[in-house]
Amino acid sequence: MKNAFKRIFGTGLGQLTIPIISILLLVVFNLIRDPSFFSIGIMHNNDGNIVLAGNLISIINGASELAVLAMGMTLVTAACGGQDISVGAAAAIAGSAFVKVLKSAPAINGGIVVLAFFSACLVAVIFASFNGTLVAVFKIQPMIATLILYTCGRSIAYWINGGATPTVSSPIITGIGSFIPGIPVPTPVIIVLVMAVLFKLLFHFTSLELFTQSVGINGSAARLNGINSTFIKLLSFIILGVCVAVAGCIGVSRLGLINHETLLLDVEMDAILAVAIGGNNLGGGKFKIGGSILGAYVIQMLTITLYAMKVSSTDVKAYKAIVIILLVVIGSPVVKAKFGKFMGNVMKKNKKVPVKGAE
Amino acid sequence: MANFKFKRKEPLTDTGLLMTITICIFVVMYLLAMLLLQGGFLHAQQIFDMLNDNASLIIVSCGLTIVMIGGGIDISVGAVTSLTVMSCVLYLNNGGNLFVSVLLALGIGLAFGLVQGFLISYLEIQPFIVTLAGMFFARGMTTILSVNPQKADHAAFAALRDIKIEIPWLGYVAKNGNVVPARIELGVVVALLCVALVFVLLRFISLGRGFYAIGGNWQSALMLGINVKRTRFMSYVICGLLSGISGYVFMMHTGAGNATNAAGMEMNAIASSIIGGTLLTGGVGNVIGTLFGTLTLTTIKKIVVSSGLNDPWWQSITTGGMLCFFILLQSVVLGRRAKKKQS
């Protein structure tokens, strides 16, 4: 018991300290405020399926796109030491391509949806490779390189569908966006799970995790050790491209239409935030995908909590900012070191060596 | 550092080189526009219009250039500008004093600069996250203050807003025979003053030289005895202050507060700084280049509109394309120089 306590306060939970503490804080806060926040009900939706409903479900469901993007963003952050700020615009492009293929088909069936998804992936990967080439080959800061697509991405999405906001209505699309008949869990949640398992398998069967970390910590040293750092950086962007396509398709399916101006608006900032809350260093190097996913849920939980407190959607940002600042101040290396030292002194008065803070 | 003396003793620095490229491209582009498109580009008023419309962007870009030279980033500038506009308009409408409203603008900017600077330099939190939170906070506060657009309704402010410097000999003769003098708003004077002050700061004052030092290599700067934390702190404070000034200039230009004011300004400011030759990695940059970066960005938009490409997507696509061109150019030029130095 004492050991566990020391580990938590002395050295921290490692990377996962901030996301876990913040989730706990939010849970406690909500329990005090209104315990019914956590109630999960079973109800019938319009199609007569039995589905789960409640705030928790809407948190997990609503954070799906963000979680998928955060996974890819973690990889890019780790490999390149910078962030991709064009994911929202790229997702709009991918979503537009998805809708374009669906609309050009005479009837929407399973095969067409798969085809549309792959073409969205292809388009997103092409744009991601453009970003990746700028970063990996021309050695441009990721934020600057992706500023190009951030500036013009939504205009390209506008151009793909000729400026219209076409709607697609099909039971398959509704199934992807909300519920598959017979399964009470929202489909986007299942997609996030599948993506997470895919990432896990990818890291299990390849050395990508190790390679990415070494490229992120020191690119030239990695190159001298025989790792093709240019390729690893490019690959991280391509994987992010696939994530962007998945997120874009979820976003489109949820609404059944593509609005190039509002689809996943400002998601890039939230995705970067999720990566940071997940305890990953935004300067590259070591990373944990799990942290970023937790970070995405923290952000969504915060938003839903604020909505439950009847804060209007335009004002949410201000309160969100205060919580973010609190979180990062708790997680800041300086504060952590001071706090660790203090706790160490309190816990072990008889020992000579005080427990130094983590990081 | 682009001293075009007859005999140059020291070779052009990276900063000077990038700035010279930008200025050359701007001049060439403008001359081409004058030759091919004619129309408004032949009048001096076109340049003054560009300055009038973008005075606040220029001021914000100056602040961002300082932060970027110091190796940081501040994406809250646009939101702080917006918040300043909204609070000043509301204050003036509720019977405020003109002089106090200026102080209020400066105070808001300074407060953001102080808090963000403290969090970034003394608590060592990543600048992107802190200023992202700052952006969220400022945008949220703007909508909390008022969701609806507010028009400034204040006699003294209206008088201040309508002050325009007229230069008759740069004007042009309108179709009905009247001479329309060239007009410059007061905001432009403030903006150019800010550029000049920042230029002096970066060139001649030890604090400004410190920004280059910590941006280039903060460990070396530390060993040289520069107070790295304080210098970094100061860069954010100055940037915040300039955002406040920019807010007031924005208000003098539009005369109204709106929750969507200055939307996307932070990215425009970053783009201007990059085009002007500032590197996000720090240590390289010049405020004169930033001024021309802003003008280049505006000129390309004007050219797109005058060429008859009125659809809204053309502006952002050409802006993106031009950004791509400049970024690649800088990367190639600096890459070649680095190779030359090594050999």
# chains A, B, ... in the order shown; residues from 1 in each chain; ligands from 1
>>> closest_atom_pairs(of="stretch 57-159 of chain B", to="stretch 202-217 of chain B", cutoff="10 Å", atoms="only C-alpha atoms", output="Markdown table")
| residue | atom | partner | partner_atom | distance |
| --- | --- | --- | --- | --- |
| B:Ile66 | CA | B:Phe211 | CA | 7.2 |
| B:Val67 | CA | B:Phe211 | CA | 8.0 |
| B:Met68 | CA | B:Gly215 | CA | 7.8 |
| B:Ile69 | CA | B:Gly215 | CA | 5.6 |
| B:Gly70 | CA | B:Gly215 | CA | 4.0 |
| B:Gly71 | CA | B:Gly215 | CA | 4.4 |
| B:Gly72 | CA | B:Gly215 | CA | 7.9 |
>>> interface_residues(of="chain A", to="chain B", cutoff="10 Å", atoms="only C-alpha atoms", output="ChimeraX atom specification")
/A:83,134,138-159,163,269-270,272-273,276-277,281-283,312-325,328-336
>>> closest_residue(among="B:Phe99, B:Tyr172, B:Phe233, B:Phe199", to="B:Thr65", atoms="only C-alpha atoms")
B:Phe199
>>> select_by_dssp(residues="stretch 139-294 of chain B", states="alpha helix (DSSP H)", output="VMD selection string")
chain B and resid 139 to 145 155 to 161 186 to 204 206 to 216 218 to 223 228 to 254 265 to 275 287 to 294
>>> select_by_dssp(residues="stretch 74-211 of chain B", states="strand (DSSP E)", output="PyMOL selection string")
chain B and resi 150-151+164-173+179-185
